[in-house]
file final.cif (mmCIF, C-alpha atoms and all ligand atoms)
data_entry
loop_
_atom_site.label_atom_id
_atom_site.label_comp_id
_atom_site.auth_asym_id
_atom_site.auth_seq_id
_atom_site.Cartn_x
_atom_site.Cartn_y
_atom_site.Cartn_z
CA MET K 1 -4.23 27.48 3.31
CA SER K 2 -1.86 26.08 5.88
CA ASP K 3 -3.65 22.76 6.45
CA PRO K 4 -1.45 20.22 4.61
CA VAL K 5 -4.49 18.06 3.82
CA LEU K 6 -5.99 20.95 1.86
CA LYS K 7 -2.64 22.07 0.50
CA ARG K 8 -1.97 18.69 -1.13
CA VAL K 9 -2.79 18.55 -4.82
CA SER K 10 -1.43 16.20 -7.42
CA VAL K 11 1.76 17.73 -8.82
CA ARG K 12 3.17 16.35 -12.07
CA LYS K 13 5.82 18.96 -12.90
CA PHE K 14 8.87 19.10 -10.69
CA SER K 15 12.03 21.20 -10.63
CA ARG K 16 15.35 19.33 -10.71
CA GLU K 17 16.08 20.38 -7.11
CA THR K 18 16.72 17.35 -4.96
CA VAL K 19 14.70 16.62 -1.85
CA SER K 20 16.88 17.34 1.18
CA GLU K 21 18.04 14.65 3.58
CA ALA K 22 16.04 16.31 6.39
CA ASP K 23 12.86 16.18 4.29
CA VAL K 24 13.47 12.56 3.27
CA GLU K 25 13.77 11.63 6.94
CA LYS K 26 10.40 13.27 7.64
CA LEU K 27 8.79 11.45 4.70
CA VAL K 28 10.14 8.15 5.99
CA LYS K 29 8.89 8.96 9.49
CA ALA K 30 5.41 9.65 8.06
CA PHE K 31 5.54 6.32 6.21
CA ASN K 32 6.53 4.50 9.39
CA ALA K 33 3.61 6.11 11.24
CA SER K 34 1.10 4.58 8.79
CA PRO K 35 -1.46 2.12 10.08
CA ALA K 36 -1.59 -1.43 8.73
CA ALA K 37 -4.37 -4.00 8.85
CA MET K 38 -4.02 -6.18 11.95
CA GLY K 39 -0.71 -4.48 12.69
CA LYS K 40 1.13 -6.59 10.12
CA PHE K 41 3.90 -4.06 9.65
CA GLU K 42 6.20 -6.74 8.24
CA ASN K 43 3.97 -6.91 5.14
CA MET K 44 4.91 -3.46 3.84
CA GLN K 45 8.19 -1.78 2.98
CA ALA K 46 9.36 1.32 1.13
CA MET K 47 12.19 2.12 -1.23
CA VAL K 48 13.17 5.79 -1.44
CA VAL K 49 14.72 6.19 -4.88
CA GLN K 50 16.83 9.32 -5.44
CA LYS K 51 20.06 8.23 -7.12
CA PRO K 52 19.95 9.16 -10.85
CA LYS K 53 20.91 5.63 -11.97
CA TYR K 54 17.99 4.06 -10.12
CA LEU K 55 15.56 6.89 -10.92
CA ASP K 56 16.30 6.29 -14.61
CA GLU K 57 15.79 2.55 -14.24
CA VAL K 58 12.44 2.97 -12.51
CA GLU K 59 11.25 5.76 -14.85
CA ASN K 60 12.06 3.57 -17.86
CA ALA K 61 10.28 0.59 -16.31
CA ILE K 62 7.14 2.67 -15.68
CA ASN K 63 7.23 4.45 -19.06
CA GLY K 64 7.93 7.89 -17.59
CA HIS K 65 4.86 7.89 -15.37
CA GLY K 66 6.98 8.98 -12.42
CA HIS K 67 6.83 12.46 -14.00
CA ASN K 68 10.65 12.73 -13.79
CA ALA K 69 10.35 13.50 -10.10
CA PRO K 70 13.65 13.72 -8.20
CA LEU K 71 12.30 11.25 -5.63
CA LEU K 72 10.17 8.16 -6.18
CA PHE K 73 8.73 6.74 -2.98
CA VAL K 74 8.01 3.12 -3.89
CA ILE K 75 5.70 1.29 -1.48
CA ALA K 76 5.78 -2.50 -1.76
CA THR K 77 3.59 -5.05 -0.04
CA ARG K 78 3.74 -8.81 0.41
CA LYS K 79 2.23 -10.46 -2.66
CA ASP K 80 -0.07 -12.73 -0.65
CA ASP K 81 -1.44 -9.98 1.61
CA PRO K 82 -5.04 -9.19 0.59
CA MET K 83 -4.72 -5.89 2.51
CA GLY K 84 -1.57 -4.87 0.63
CA GLU K 85 -3.05 -2.23 -1.66
CA ARG K 86 -5.15 -0.77 1.15
CA ASN K 87 -2.15 -0.50 3.46
CA ALA K 88 -0.04 1.00 0.70
CA SER K 89 -2.72 3.57 -0.15
CA VAL K 90 -3.03 4.71 3.45
CA ALA K 91 0.75 4.94 3.72
CA ALA K 92 0.95 6.85 0.43
CA GLN K 93 -1.52 9.40 1.78
CA ASN K 94 0.57 9.81 4.95
CA VAL K 95 3.63 10.48 2.80
CA MET K 96 1.78 12.90 0.49
CA ILE K 97 0.38 14.90 3.39
CA GLU K 98 3.82 15.12 4.95
CA ALA K 99 5.21 16.20 1.57
CA ALA K 100 2.60 18.97 1.39
CA SER K 101 3.49 20.13 4.88
CA LEU K 102 7.12 20.42 3.73
CA GLY K 103 6.14 22.46 0.65
CA LEU K 104 6.82 19.50 -1.65
CA GLY K 105 4.55 18.36 -4.47
CA SER K 106 3.52 14.75 -4.92
CA THR K 107 1.39 12.44 -7.03
CA TYR K 108 0.06 8.97 -6.34
CA THR K 109 0.76 6.74 -9.32
CA LEU K 110 -0.44 3.27 -10.15
CA SER K 111 2.63 2.69 -12.32
CA ALA K 112 3.84 0.25 -9.73
CA MET K 113 2.09 -2.39 -11.83
CA GLU K 114 4.51 -1.67 -14.66
CA LEU K 115 7.45 -1.93 -12.29
CA ASN K 116 6.30 -5.41 -11.28
CA LYS K 117 6.88 -6.57 -14.86
CA ASN K 118 10.57 -5.81 -14.36
CA PRO K 119 12.02 -8.02 -11.60
CA GLU K 120 15.57 -6.87 -12.33
CA VAL K 121 14.78 -3.22 -11.53
CA MET K 122 12.72 -4.32 -8.51
CA SER K 123 15.74 -6.16 -7.19
CA HIS K 124 18.09 -3.24 -7.97
CA ILE K 125 16.06 -0.85 -5.81
CA GLY K 126 15.78 -3.38 -2.97
CA ILE K 127 12.24 -4.78 -3.14
CA ASP K 128 12.40 -8.02 -1.17
CA HIS K 129 11.53 -11.39 -2.70
CA GLY K 130 7.83 -12.13 -2.18
CA PHE K 131 6.90 -8.43 -2.35
CA GLU K 132 5.43 -6.38 -5.18
CA ALA K 133 5.33 -2.66 -5.79
CA SER K 134 1.88 -1.38 -4.86
CA VAL K 135 2.02 2.42 -5.10
CA ILE K 136 4.68 4.81 -6.30
CA VAL K 137 4.50 8.37 -4.99
CA ALA K 138 6.37 10.87 -7.15
CA ILE K 139 7.76 13.67 -4.97
CA GLY K 140 9.71 16.85 -5.57
CA HIS K 141 9.69 20.63 -5.48
CA PRO K 142 6.80 21.83 -7.64
CA GLU K 143 7.88 23.57 -10.84
CA GLU K 144 5.00 26.00 -10.58
CA GLU K 145 3.55 27.55 -7.48
CA LEU K 146 0.71 25.47 -6.08
CA LYS K 147 -2.66 27.00 -6.92
CA GLU K 148 -5.48 26.84 -4.45
CA VAL K 149 -8.46 24.91 -5.83
CA ASP K 150 -11.89 24.70 -4.28
CA ARG K 151 -12.54 21.03 -3.64
CA SER K 152 -15.11 21.55 -0.92
CA ASN K 153 -17.96 19.84 -2.85
CA ARG K 154 -16.16 17.15 -4.79
CA TYR K 155 -17.90 14.10 -3.38
CA LYS K 156 -21.43 13.37 -2.32
CA VAL K 157 -21.53 13.58 1.46
CA THR K 158 -24.67 12.68 3.39
CA ARG K 159 -25.25 13.83 6.96
CA LYS K 160 -28.16 12.63 9.05
C1 LIG U 201 -5.83 5.20 -6.60
C2 LIG U 201 -5.27 6.40 -7.33
C3 LIG U 201 -4.54 6.20 -8.49
C4 LIG U 201 -3.97 7.28 -9.16
N1 LIG U 201 -3.17 7.04 -10.23
C5 LIG U 201 -2.55 8.08 -10.83
C6 LIG U 201 -1.61 7.84 -11.86
O1 LIG U 201 -1.31 6.70 -12.23
N2 LIG U 201 -1.00 8.91 -12.43
C7 LIG U 201 -1.28 10.20 -12.02
O2 LIG U 201 -0.71 11.14 -12.58
N3 LIG U 201 -2.18 10.46 -11.03
C8 LIG U 201 -2.80 9.43 -10.42
N4 LIG U 201 -3.66 9.67 -9.36
C9 LIG U 201 -3.96 11.06 -8.95
C10 LIG U 201 -5.37 11.50 -9.37
O3 LIG U 201 -5.43 11.68 -10.77
C11 LIG U 201 -5.73 12.79 -8.62
O4 LIG U 201 -5.72 12.53 -7.23
C12 LIG U 201 -7.08 13.34 -9.01
O5 LIG U 201 -7.06 13.80 -10.33
C13 LIG U 201 -7.53 14.48 -8.08
O6 LIG U 201 -6.59 15.53 -8.06
P1 LIG U 201 -5.91 16.04 -6.70
O7 LIG U 201 -5.04 14.91 -6.21
O8 LIG U 201 -5.08 17.22 -7.14
O9 LIG U 201 -6.96 16.41 -5.72
C14 LIG U 201 -4.21 8.60 -8.68
C15 LIG U 201 -4.95 8.79 -7.50
C16 LIG U 201 -5.45 7.71 -6.82
C17 LIG U 201 -6.21 7.94 -5.53
#
call {"tool": "encode", "arguments": {"input": "final.cif", "output": "structure tokens", "more": "lines below"}}
Ligand SMILES: Cc1cc2nc3c(=O)[nH]c(=O)nc-3n(C[C@H](O)[C@H](O)[C@H](O)COP(=O)(O)O)c2cc1C
result
Amino acid sequence: MSDPVLKRVSVRKFSRETVSEADVEKLVKAFNASPAAMGKFENMQAMVVQKPKYLDEVENAINGHGHNAPLLFVIATRKDDPMGERNASVAAQNVMIEAASLGLGSTYTLSAMELNKNPEVMSHIGIDHGFEASVIVAIGHPEEELKEVDRSNRYKVTRK
């Protein structure tokens, strides 16, 4: 199971081990490689939160739904961009696939909505004025070894 697309599963239990600088750089590179509707790259930004002070602030704001991951990859989009959530979702997938290829676990969370109720924390982590958190990807070393699951027939797929 070396294909990172198949290797990726939602991981919600992480060890305390920090994500290395080299891995963070690769995650950021994957984020930067994400497509965006009409090439409006200026409408999306990311905040990589790893410092304990800011992790605590964000975890509290999102009621612990970041699963106490050692890295929260917050993807924010311009409030008035109707493509914001779509762009952020595509970018989140890029980041999660890269995480899987690095042996890291990740989970897409919608808790960004909770973060948006807390402008002080948004400002502390560097979300620009006029932007809102769209997706938060929790990332870290999985506490338990990833188990292979058969997901080959999960959705209805029609071929003609
Ligand atoms: C749009 C979207 C929102 C999600 N929101 C959450 C969430 O808030 N918290 C969470 O733990 N998982 C969340 N997930 C992860 C799903 O629960 C997970 O992808 C699903 O159960 C399938 O499992 P898998 O990712 O291991 O294949 C979300 C996934 C998507 C695509």
call {"tool": "residues_near_ligand", "arguments": {"input": "final.cif", "ligand": "ligand LIG 201 (chain U)", "cutoff": "6 Å", "atoms": "only C-alpha atoms and all ligand atoms", "output": "list in words"}}
result
Val9, Ser10, Thr107, Tyr108, Thr109, Leu110 and Ser111 of chain K
call {"tool": "write_last_selection", "arguments": {"input": "final.cif", "atoms": "C-alpha atoms", "output": "PDB file, in the frame of the given file"}}
result
ATOM      1  CA  VAL K   9      -2.790  18.550  -4.820  1.00  0.00           C
ATOM      2  CA  SER K  10      -1.430  16.200  -7.420  1.00  0.00           C
ATOM      3  CA  THR K 107       1.390  12.440  -7.030  1.00  0.00           C
ATOM      4  CA  TYR K 108       0.060   8.970  -6.340  1.00  0.00           C
ATOM      5  CA  THR K 109       0.760   6.740  -9.320  1.00  0.00           C
ATOM      6  CA  LEU K 110      -0.440   3.270 -10.150  1.00  0.00           C
ATOM      7  CA  SER K 111       2.630   2.690 -12.320  1.00  0.00           C
TER       8      SER K 111
END
call {"tool": "atom_distance", "arguments": {"input": "final.cif", "atom1": "atom CA of K:Leu55", "atom2": "atom CA of K:Ser89"}}
result
21.5 Å
call {"tool": "closest_residue", "arguments": {"input": "final.cif", "among": "K:Ile127, K:Ala30, K:Ala133, K:Met83", "to": "K:Ala99", "atoms": "all atoms listed in the file"}}
result
K:Ala30
call {"tool": "atom_distance", "arguments": {"input": "final.cif", "atom1": "atom CA of K:Pro142", "atom2": "atom CA of K:Val58"}}
result
20.3 Å
call {"tool": "closest_residue", "arguments": {"input": "final.cif", "among": "K:Val49, K:Val24, K:Met44, K:Ile97", "to": "K:Gly126", "atoms": "all atoms listed in the file"}}
result
K:Val49
call {"tool": "closest_residue", "arguments": {"input": "final.cif", "among": "K:Asp3, K:Glu114, K:Glu85, K:Glu148", "to": "K:Asn43", "atoms": "all atoms listed in the file"}}
result
K:Glu85
call {"tool": "closest_residue", "arguments": {"input": "final.cif", "among": "K:Asp81, K:Glu59, K:Glu17, K:Asp150", "to": "K:Ala138", "atoms": "only C-alpha atoms"}}
result
K:Glu59
call {"tool": "closest_residue", "arguments": {"input": "final.cif", "among": "K:Glu98, K:Glu21, K:Asp56, K:Glu143", "to": "K:Ala33", "atoms": "all atoms listed in the file"}}
result
K:Glu98
call {"tool": "atom_distance", "arguments": {"input": "final.cif", "atom1": "atom CA of K:Thr77", "atom2": "atom CA of K:Ser134"}}
result
6.3 Å
call {"tool": "residues_around", "arguments": {"input": "final.cif", "residues": "K:Glu132", "least_positions_apart": "3", "cutoff": "9 Å", "atoms": "all atoms listed in the file", "output": "VMD selection string"}}
result
chain K and resid 75 to 79 112 to 113 115 to 116 122 127 to 129
call {"tool": "closest_residue", "arguments": {"input": "final.cif", "among": "K:Val157, K:Met47, K:Ala22, K:Ile139", "to": "K:Leu71", "atoms": "all atoms listed in the file"}}
result
K:Ile139
call {"tool": "residues_near_point", "arguments": {"input": "final.cif", "point": "(7.5, 4.1, 9.6)", "cutoff": "10 Å", "atoms": "all atoms listed in the file", "output": "list in words"}}
result
Lys26, Leu27, Val28, Lys29, Ala30, Phe31, Asn32, Ala33, Ser34, Pro35, Phe41, Met44, Gln45, Ala46 and Ala91 of chain K
call {"tool": "residues_near_point", "arguments": {"input": "final.cif", "point": "(-2.6, 24.1, 6.9)", "cutoff": "12 Å", "atoms": "only C-alpha atoms", "output": "VMD selection string"}}
result
chain K and resid 1 to 8 97 to 98 100 to 103
call {"tool": "decode", "arguments": {"input": "final.cif", "residues": "stretch 9-126 of chain K", "atoms": "C-alpha atoms", "output": "CSV table (one decimal), in the first residue's frame"}}
result
chain,number,residue,atom,x,y,z
K,9,VAL,CA,-7.1,7.6,6.2
K,10,SER,CA,-8.5,10.0,8.8
K,11,VAL,CA,-6.3,9.8,11.9
K,12,ARG,CA,-7.6,11.3,15.1
K,13,LYS,CA,-5.0,10.0,17.6
K,14,PHE,CA,-1.6,11.5,17.4
K,15,SER,CA,1.7,11.0,19.3
K,16,ARG,CA,3.2,14.1,20.9
K,17,GLU,CA,6.2,13.9,18.4
K,18,THR,CA,6.5,17.2,16.5
K,19,VAL,CA,6.4,17.3,12.7
K,20,SER,CA,9.9,18.0,11.5
K,21,GLU,CA,10.8,21.2,9.7
K,22,ALA,CA,11.6,19.2,6.5
K,23,ASP,CA,8.1,17.7,6.6
K,24,VAL,CA,6.5,21.0,7.2
K,25,GLU,CA,8.2,22.4,4.2
K,26,LYS,CA,6.9,19.6,2.1
K,27,LEU,CA,3.3,20.1,3.4
K,28,VAL,CA,3.6,23.8,2.5
K,29,LYS,CA,4.9,23.0,-0.9
K,30,ALA,CA,1.9,20.7,-1.5
K,31,PHE,CA,-0.4,23.5,-0.3
K,32,ASN,CA,1.2,25.9,-2.7
K,33,ALA,CA,0.8,23.4,-5.6
K,34,SER,CA,-3.0,23.4,-5.1
K,35,PRO,CA,-5.2,24.6,-7.9
K,36,ALA,CA,-7.6,27.6,-7.4
K,37,ALA,CA,-10.6,28.7,-9.3
K,38,MET,CA,-9.7,31.1,-12.0
K,39,GLY,CA,-6.1,31.2,-10.6
K,40,LYS,CA,-7.1,33.5,-7.8
K,41,PHE,CA,-4.2,32.4,-5.6
K,42,GLU,CA,-4.5,35.7,-3.6
K,43,ASN,CA,-7.8,34.5,-2.2
K,44,MET,CA,-6.3,31.6,-0.1
K,45,GLN,CA,-3.7,31.5,2.6
K,46,ALA,CA,-2.5,29.0,5.2
K,47,MET,CA,-1.4,29.2,8.8
K,48,VAL,CA,0.8,26.4,10.0
K,49,VAL,CA,0.3,26.3,13.8
K,50,GLN,CA,2.8,24.3,15.8
K,51,LYS,CA,3.8,26.5,18.8
K,52,PRO,CA,2.1,25.2,22.0
K,53,LYS,CA,0.7,28.6,22.9
K,54,TYR,CA,-1.1,29.0,19.6
K,55,LEU,CA,-2.1,25.3,19.4
K,56,ASP,CA,-3.8,25.7,22.7
K,57,GLU,CA,-5.5,28.8,21.6
K,58,VAL,CA,-6.9,27.2,18.5
K,59,GLU,CA,-7.8,23.9,20.2
K,60,ASN,CA,-9.7,25.9,22.8
K,61,ALA,CA,-11.5,27.9,20.1
K,62,ILE,CA,-12.5,24.8,18.3
K,63,ASN,CA,-13.5,22.8,21.4
K,64,GLY,CA,-10.7,20.3,21.0
K,65,HIS,CA,-11.8,19.2,17.6
K,66,GLY,CA,-8.2,19.5,16.4
K,67,HIS,CA,-7.7,16.1,18.1
K,68,ASN,CA,-4.7,17.6,20.0
K,69,ALA,CA,-2.6,17.2,16.9
K,70,PRO,CA,0.9,18.7,17.1
K,71,LEU,CA,0.3,20.6,13.9
K,72,LEU,CA,-2.9,22.4,12.7
K,73,PHE,CA,-2.8,23.4,9.1
K,74,VAL,CA,-5.4,26.2,8.9
K,75,ILE,CA,-6.6,27.1,5.4
K,76,ALA,CA,-8.3,30.5,5.1
K,77,THR,CA,-10.1,32.0,2.2
K,78,ARG,CA,-11.3,35.5,1.3
K,79,LYS,CA,-14.8,35.9,2.9
K,80,ASP,CA,-16.3,37.2,-0.4
K,81,ASP,CA,-14.9,34.4,-2.6
K,82,PRO,CA,-17.8,32.0,-3.5
K,83,MET,CA,-15.1,29.4,-4.5
K,84,GLY,CA,-13.4,29.7,-1.1
K,85,GLU,CA,-14.5,26.4,0.4
K,86,ARG,CA,-13.9,24.5,-2.8
K,87,ASN,CA,-10.4,25.9,-3.1
K,88,ALA,CA,-9.7,25.1,0.5
K,89,SER,CA,-11.0,21.6,0.2
K,90,VAL,CA,-8.8,20.8,-2.8
K,91,ALA,CA,-5.8,22.3,-1.0
K,92,ALA,CA,-6.6,20.3,2.1
K,93,GLN,CA,-6.6,17.1,0.1
K,94,ASN,CA,-3.2,18.0,-1.4
K,95,VAL,CA,-1.8,18.5,2.1
K,96,MET,CA,-3.4,15.3,3.4
K,97,ILE,CA,-2.0,13.2,0.5
K,98,GLU,CA,1.4,14.7,1.1
K,99,ALA,CA,1.1,14.0,4.8
K,100,ALA,CA,0.3,10.3,4.0
K,101,SER,CA,3.3,10.1,1.7
K,102,LEU,CA,5.5,11.3,4.6
K,103,GLY,CA,4.0,8.7,7.0
K,104,LEU,CA,2.0,11.3,8.8
K,105,GLY,CA,-1.7,11.0,9.8
K,106,SER,CA,-4.2,13.7,9.1
K,107,THR,CA,-7.9,14.6,9.4
K,108,TYR,CA,-10.0,17.2,7.6
K,109,THR,CA,-12.0,19.1,10.2
K,110,LEU,CA,-14.8,21.6,9.7
K,111,SER,CA,-14.0,23.2,13.1
K,112,ALA,CA,-12.8,26.2,11.2
K,113,MET,CA,-16.3,27.6,11.6
K,114,GLU,CA,-15.8,27.6,15.4
K,115,LEU,CA,-12.5,29.4,14.9
K,116,ASN,CA,-14.3,32.2,13.0
K,117,LYS,CA,-16.2,33.0,16.1
K,118,ASN,CA,-13.0,34.0,17.7
K,119,PRO,CA,-11.4,36.9,15.9
K,120,GLU,CA,-8.7,37.4,18.5
K,121,VAL,CA,-7.3,33.9,18.0
K,122,MET,CA,-7.6,34.3,14.2
K,123,SER,CA,-5.5,37.4,14.4
K,124,HIS,CA,-3.0,35.8,16.8
K,125,ILE,CA,-2.3,33.0,14.2
K,126,GLY,CA,-2.0,35.5,11.3
